[in-house]
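J.: Provided herewith: entry06.txt, compact mmCIF, C-alpha atoms.
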```txt
# COMPACT_ATOMS: atom_id res chain seq x y z
CA MET A 29 60.98 103.42 116.49
CA ILE A 30 64.63 102.72 117.47
CA ASN A 31 63.60 99.34 118.84
CA LYS A 32 61.99 98.43 115.50
CA ILE A 33 65.11 99.50 113.55
CA PHE A 34 67.32 97.40 115.83
CA LYS A 35 65.07 94.37 115.37
CA MET A 36 65.14 94.90 111.60
CA LEU A 37 68.96 95.03 111.60
CA VAL A 38 69.16 91.82 113.60
CA ILE A 39 66.71 90.03 111.30
CA VAL A 40 68.48 91.21 108.14
CA GLY A 41 71.84 90.19 109.61
CA LEU A 42 70.62 86.72 110.54
CA PHE A 43 68.94 86.01 107.23
CA SER A 44 71.71 87.39 105.07
CA SER A 45 74.43 85.55 106.98
CA CYS A 46 72.54 82.26 106.76
CA SER A 47 71.61 82.50 103.12
CA VAL A 48 74.92 83.63 101.68
CA LEU A 49 78.12 81.72 102.35
CA ASP A 50 80.55 84.23 100.82
CA LEU A 51 79.42 87.46 102.47
CA ASP A 52 81.89 90.30 102.82
CA LYS A 53 81.44 93.45 104.87
CA ASN A 54 80.66 95.55 101.77
CA SER A 55 77.69 93.46 100.67
CA MET A 56 76.50 93.13 104.27
CA LEU A 57 76.57 96.92 104.69
CA LYS A 58 74.74 97.46 101.38
CA THR A 59 72.09 94.90 102.29
CA THR A 60 71.59 96.35 105.75
CA SER A 61 71.46 99.98 104.61
CA SER A 62 68.98 99.08 101.86
CA ALA A 63 66.79 97.21 104.34
CA VAL A 64 66.90 100.04 106.87
CA GLY A 65 66.17 102.62 104.16
CA GLY A 66 63.24 100.55 102.89
CA TYR A 67 61.93 100.06 106.39
CA LEU A 68 62.14 103.78 107.19
CA GLY A 69 60.45 104.62 103.89
CA TYR A 70 57.69 102.13 104.71
CA GLU A 71 57.20 103.44 108.25
CA LEU A 72 57.26 107.12 107.30
CA SER A 73 54.81 106.72 104.43
CA ASP A 74 52.34 104.30 106.01
CA GLY A 75 53.18 101.43 103.71
CA ASP A 76 53.37 103.24 100.37
CA ILE A 77 55.35 101.02 97.93
CA PHE A 78 56.89 104.00 96.13
CA SER A 79 58.27 105.51 99.35
CA THR A 80 59.53 102.11 100.46
CA SER A 81 61.40 101.70 97.14
CA VAL A 82 62.82 105.22 97.32
CA GLY A 83 63.89 104.63 100.94
CA SER A 84 65.62 101.41 99.92
CA ALA A 85 67.42 103.14 97.02
CA VAL A 86 68.56 105.97 99.29
CA GLY A 87 69.79 103.35 101.76
CA VAL A 88 71.92 101.70 99.06
CA VAL A 89 73.43 105.04 98.04
CA LEU A 90 74.20 106.01 101.63
CA GLY A 91 75.59 102.53 102.25
CA GLY A 92 77.96 102.99 99.30
CA TYR A 93 79.31 106.20 100.80
CA LEU A 94 79.67 104.49 104.15
CA ILE A 95 81.57 101.60 102.55
CA ASP A 96 83.96 104.03 100.86
CA PHE A 97 84.61 105.72 104.20
CA ILE A 98 85.12 102.45 106.10
CA ASN A 99 87.50 101.07 103.46
CA GLN A 100 89.84 104.05 103.73
CA ASP A 101 92.44 102.22 105.78
CA ASP A 102 96.24 102.54 105.56
CA TYR A 103 96.39 100.21 102.54
CA TYR A 104 93.87 102.39 100.71
CA TYR A 105 96.07 105.49 101.10
CA TYR A 106 99.25 103.55 100.26
CA LYS A 107 97.72 102.05 97.11
CA THR A 108 96.22 105.37 95.99
CA GLU A 109 99.57 107.16 96.32
CA THR A 110 101.42 104.30 94.59
CA MET A 111 99.05 104.40 91.60
CA LYS A 112 99.45 108.19 91.40
CA VAL A 113 103.27 107.96 91.44
CA LEU A 114 103.23 105.24 88.76
CA GLU A 115 100.99 107.33 86.48
CA ILE A 116 103.10 110.46 86.96
CA ASN A 117 106.29 108.47 86.41
CA ASP A 118 105.01 107.35 83.00
CA SER A 119 105.21 110.94 81.73
CA ASN A 120 107.92 112.33 84.02
CA LYS A 121 110.65 109.77 84.82
CA SER A 122 112.18 112.05 87.48
CA ILE A 123 109.17 111.56 89.79
CA ILE A 124 109.80 108.25 91.55
CA SER A 125 108.38 108.69 95.05
CA GLY A 126 105.32 109.84 96.93
CA TYR A 127 104.03 110.31 100.46
CA TRP A 128 100.73 109.26 102.03
CA LYS A 129 99.09 109.77 105.42
CA ASN A 130 95.92 108.28 106.83
CA PRO A 131 94.10 111.07 108.70
CA LYS A 132 92.04 108.53 110.67
CA SER A 133 94.92 106.45 112.06
CA GLY A 134 97.77 108.97 111.80
CA ASN A 135 99.94 106.34 110.11
CA GLU A 136 102.02 107.42 107.13
CA GLY A 137 104.43 106.12 104.57
CA VAL A 138 106.62 106.76 101.57
CA VAL A 139 106.45 104.85 98.29
CA GLN A 140 109.35 104.77 95.87
CA ILE A 141 109.80 103.12 92.48
CA LYS A 142 112.99 101.07 92.84
CA GLY A 143 113.17 99.29 89.52
CA HIS A 144 111.27 97.69 86.71
CA TYR A 145 111.05 94.62 84.57
CA THR A 146 109.01 93.91 81.48
CA THR A 147 106.67 91.22 80.16
CA PRO A 148 104.35 92.29 81.64
CA GLU A 149 105.44 95.86 82.31
CA CYS A 150 106.01 95.84 86.06
CA ARG A 151 107.61 98.05 88.69
CA ILE A 152 109.20 97.16 92.00
CA ILE A 153 107.87 99.43 94.73
CA GLU A 154 109.62 100.03 98.05
CA HIS A 155 107.16 101.05 100.74
CA THR A 156 108.43 102.56 103.96
CA PHE A 157 105.57 102.39 106.43
CA ILE A 158 105.95 104.59 109.50
CA LEU A 159 104.03 103.35 112.52
CA ASN A 160 104.61 105.00 115.92
CA SER A 161 107.71 106.73 114.52
CA LYS A 162 109.30 103.38 113.61
CA PRO A 163 109.95 102.73 109.90
CA LYS A 164 109.24 99.34 108.36
CA ARG A 165 110.20 98.55 104.76
CA ASN A 166 108.36 96.26 102.34
CA LEU A 167 108.75 95.52 98.66
CA ASP A 168 105.70 95.27 96.43
CA THR A 169 105.12 94.87 92.72
CA ALA A 170 102.76 96.77 90.47
CA CYS A 171 102.09 95.76 86.86
CA ARG A 172 100.26 97.40 84.01
CA GLU A 173 97.12 95.52 83.02
CA LYS A 174 95.86 95.07 79.46
CA SER A 175 93.46 97.96 80.09
CA GLY A 176 96.43 100.28 80.61
CA GLN A 177 95.78 100.74 84.34
CA TRP A 178 98.31 99.89 87.02
CA ALA A 179 97.44 97.14 89.51
CA MET A 180 99.14 95.92 92.65
CA VAL A 181 100.31 92.30 92.45
CA LYS A 182 99.78 90.17 95.55
```
Kindly return the structure encoded in the file as structure tokens.
T.:
Amino acid sequence: MINKIFKMLVIVGLFSSCSVLDLDKNSMLKTTSSAVGGYLGYELSDGDIFSTSVGSAVGVVLGGYLIDFINQDDYYYYKTETMKVLEINDSNKSIISGYWKNPKSGNEGVVQIKGHYTTPECRIIEHTFILNSKPKRNLDTACREKSGQWAMVK
């Protein structure tokens, strides 16, 4: 059974990488988890199409959770805390900083709103990233989109 799953993963990986030029890890993980779920549904139900479809759908859902977990890197925690501080600052101008920590890597940082400029409504963010007890400072910009949400500007 494990041998068949491994072969299926290899086949899906080869076909999906050859047929799609712009393939990111998220779509690759969704495709693979859907294929594995469909395959397991097929094997466990002796080829029943309904079970194969359900297995594939469950694979996509589980793949989505796996993608969310994998994407929780340092930037994820930094960006999440920055967006939270910006939203809180809109209603309470005295809140200008926040702290984040990545439980997987142990890295941490502090974000602080340093200034703003308008047209579009933007904020200058100072990010102090602490890696191995050594601080490193960066400046970023976040602007409010037409939808009203804050977005980091690269």
J.: In Å, rounded to a single decimal, give me how far atom CA of A:Val139 is from atom CA of A:Met111.
T.: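 Spanning atom CA of A:Met111 to atom CA of A:Val139 is a straight-line distance of 10.0 Å.
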J.: Using all atoms listed in the file, pick whichever of A:Val181, A:Ile141, A:Ile158, A:Ala85 has the shortest atom-to-atom distance to A:Gly65.
T.: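 Counting all atoms listed in the file, the residue closest to A:Gly65 is A:Ala85.
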J.: Mind pulling up the distance from atom CA of A:Ile123 to atom CA of A:Ala170?
T.: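 If I compute the distance from atom CA of A:Ala170 to atom CA of A:Ile123, I get 16.1 Å.
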J.: What is the distance, in Å and to one decimal place, between atom CA of A:Gly137 and atom CA of A:Asn117?
T.: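 A separation of 18.4 Å between them.
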J.: Here is a test: counting all atoms listed in the file, which residue of A:Asp118, A:Ser161, A:Thr108, A:His155 is nearest to A:Gly134?
T.: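 Using all atoms listed in the file, A:Gly134 sits closest to A:Ser161.
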J.: Which of these residues is nearest to A:Lys132, using all atoms listed in the file: A:Asp102, A:Ile153, A:Ala179, A:Val113?
T.: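 Of A:Asp102, A:Ile153, A:Ala179, A:Val113, the one nearest A:Lys132, counting all atoms listed in the file, is A:Asp102.
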J.: Smallest atom-to-atom distance to A:Trp178: which of A:Ser73, A:Asn120, A:Thr110, A:Thr59, using all atoms listed in the file?
T.: A:Thr110
J.: I need the residue nearest A:Tyr127 from this list: A:Leu167, A:Leu114, A:Tyr106, A:Lys142. Use all atoms listed in the file for the distance.
T.: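 Nearest candidate to A:Tyr127 out of A:Leu167, A:Leu114, A:Tyr106, A:Lys142: A:Tyr106.
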J.: Within 10 Å of A:Gly69, counting all atoms listed in the file, which residues show up once you throw out same-chain ones fewer than 5 positions away? Write them as a ChimeraX atom specification, please.
T.: /A:63-64,74-87
J.: If you keep C-alpha atoms, can you produce a file of those selected residues as a JSON list (two decimals), in the frame of the given file?
T.:
```
[["chain", "number", "residue", "atom", "x", "y", "z"],
["A", 63, "ALA", "CA", 66.79, 97.21, 104.34],
["A", 64, "VAL", "CA", 66.90, 100.04, 106.87],
["A", 74, "ASP", "CA", 52.34, 104.30, 106.01],
["A", 75, "GLY", "CA", 53.18, 101.43, 103.71],
["A", 76, "ASP", "CA", 53.37, 103.24, 100.37],
["A", 77, "ILE", "CA", 55.35, 101.02, 97.93],
["A", 78, "PHE", "CA", 56.89, 104.00, 96.13],
["A", 79, "SER", "CA", 58.27, 105.51, 99.35],
["A", 80, "THR", "CA", 59.53, 102.11, 100.46],
["A", 81, "SER", "CA", 61.40, 101.70, 97.14],
["A", 82, "VAL", "CA", 62.82, 105.22, 97.32],
["A", 83, "GLY", "CA", 63.89, 104.63, 100.94],
["A", 84, "SER", "CA", 65.62, 101.41, 99.92],
["A", 85, "ALA", "CA", 67.42, 103.14, 97.02],
["A", 86, "VAL", "CA", 68.56, 105.97, 99.29],
["A", 87, "GLY", "CA", 69.79, 103.35, 101.76]]
```
J.: Can you work out which one of A:Asn135, A:Ser62, A:Ser125, A:Ser55 has the shortest atom-to-atom distance to A:Phe157, counting all atoms listed in the file?
T.: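 Comparing A:Asn135, A:Ser62, A:Ser125, A:Ser55 against A:Phe157, the winner is A:Asn135.
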J.: Kindly output stretch 115-145 of chain A as a compact mmCIF listing (two decimals), in the coordinates of the input, after building N, CA and C atoms.
T.:
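Result saved to result.txt:
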```txt
# COMPACT_ATOMS: atom_id res chain seq x y z
N GLU A 115 101.54 106.58 87.62
CA GLU A 115 100.99 107.33 86.48
C GLU A 115 101.84 108.55 86.16
N ILE A 116 102.26 109.29 87.19
CA ILE A 116 103.10 110.46 86.96
C ILE A 116 104.45 110.05 86.39
N ASN A 117 105.00 108.94 86.88
CA ASN A 117 106.29 108.47 86.41
C ASN A 117 106.27 108.10 84.94
N ASP A 118 105.11 107.68 84.43
CA ASP A 118 105.01 107.35 83.00
C ASP A 118 105.36 108.55 82.12
N SER A 119 104.96 109.75 82.55
CA SER A 119 105.21 110.94 81.73
C SER A 119 106.39 111.76 82.23
N ASN A 120 106.80 111.57 83.47
CA ASN A 120 107.92 112.33 84.02
C ASN A 120 108.79 111.37 84.82
N LYS A 121 109.82 110.82 84.20
CA LYS A 121 110.65 109.77 84.82
C LYS A 121 111.38 110.24 86.07
N SER A 122 111.48 111.56 86.30
CA SER A 122 112.18 112.05 87.48
C SER A 122 111.35 111.92 88.76
N ILE A 123 110.03 111.74 88.62
CA ILE A 123 109.17 111.56 89.79
C ILE A 123 109.12 110.06 90.10
N ILE A 124 109.75 109.67 91.21
CA ILE A 124 109.80 108.25 91.55
C ILE A 124 109.29 107.95 92.96
N SER A 125 108.83 108.97 93.69
CA SER A 125 108.38 108.69 95.05
C SER A 125 107.17 109.55 95.40
N GLY A 126 106.48 109.12 96.45
CA GLY A 126 105.32 109.84 96.93
C GLY A 126 105.11 109.57 98.41
N TYR A 127 104.29 110.38 99.03
CA TYR A 127 104.03 110.31 100.46
C TYR A 127 102.53 110.18 100.70
N TRP A 128 102.13 109.37 101.66
CA TRP A 128 100.73 109.26 102.03
C TRP A 128 100.59 109.35 103.55
N LYS A 129 99.41 109.75 104.00
CA LYS A 129 99.09 109.77 105.42
C LYS A 129 97.61 109.49 105.59
N ASN A 130 97.30 108.61 106.51
CA ASN A 130 95.92 108.28 106.83
C ASN A 130 95.46 109.22 107.95
N PRO A 131 94.53 110.13 107.66
CA PRO A 131 94.10 111.07 108.70
C PRO A 131 93.34 110.40 109.85
N LYS A 132 92.78 109.21 109.61
CA LYS A 132 92.04 108.53 110.67
C LYS A 132 92.98 107.86 111.67
N SER A 133 94.02 107.18 111.17
CA SER A 133 94.92 106.45 112.06
C SER A 133 96.18 107.24 112.42
N GLY A 134 96.53 108.22 111.59
CA GLY A 134 97.77 108.97 111.80
C GLY A 134 98.99 108.28 111.22
N ASN A 135 98.82 107.06 110.71
CA ASN A 135 99.94 106.34 110.11
C ASN A 135 100.29 106.98 108.77
N GLU A 136 101.54 106.82 108.36
CA GLU A 136 102.02 107.42 107.13
C GLU A 136 103.07 106.54 106.49
N GLY A 137 103.43 106.89 105.27
CA GLY A 137 104.43 106.12 104.57
C GLY A 137 104.94 106.81 103.33
N VAL A 138 106.01 106.26 102.79
CA VAL A 138 106.62 106.76 101.57
C VAL A 138 106.70 105.60 100.59
N VAL A 139 106.32 105.86 99.35
CA VAL A 139 106.45 104.85 98.29
C VAL A 139 107.50 105.34 97.31
N GLN A 140 108.30 104.40 96.81
CA GLN A 140 109.35 104.77 95.87
C GLN A 140 109.51 103.67 94.83
N ILE A 141 109.57 104.07 93.56
CA ILE A 141 109.80 103.12 92.48
C ILE A 141 111.29 102.77 92.50
N LYS A 142 111.60 101.49 92.71
CA LYS A 142 112.99 101.07 92.84
C LYS A 142 113.54 100.45 91.56
N GLY A 143 112.70 99.93 90.74
CA GLY A 143 113.17 99.29 89.52
C GLY A 143 112.00 98.82 88.70
N HIS A 144 112.33 98.19 87.57
CA HIS A 144 111.27 97.69 86.71
C HIS A 144 111.74 96.46 85.96
N TYR A 145 110.80 95.72 85.48
CA TYR A 145 111.05 94.62 84.57
C TYR A 145 109.85 94.52 83.64
```
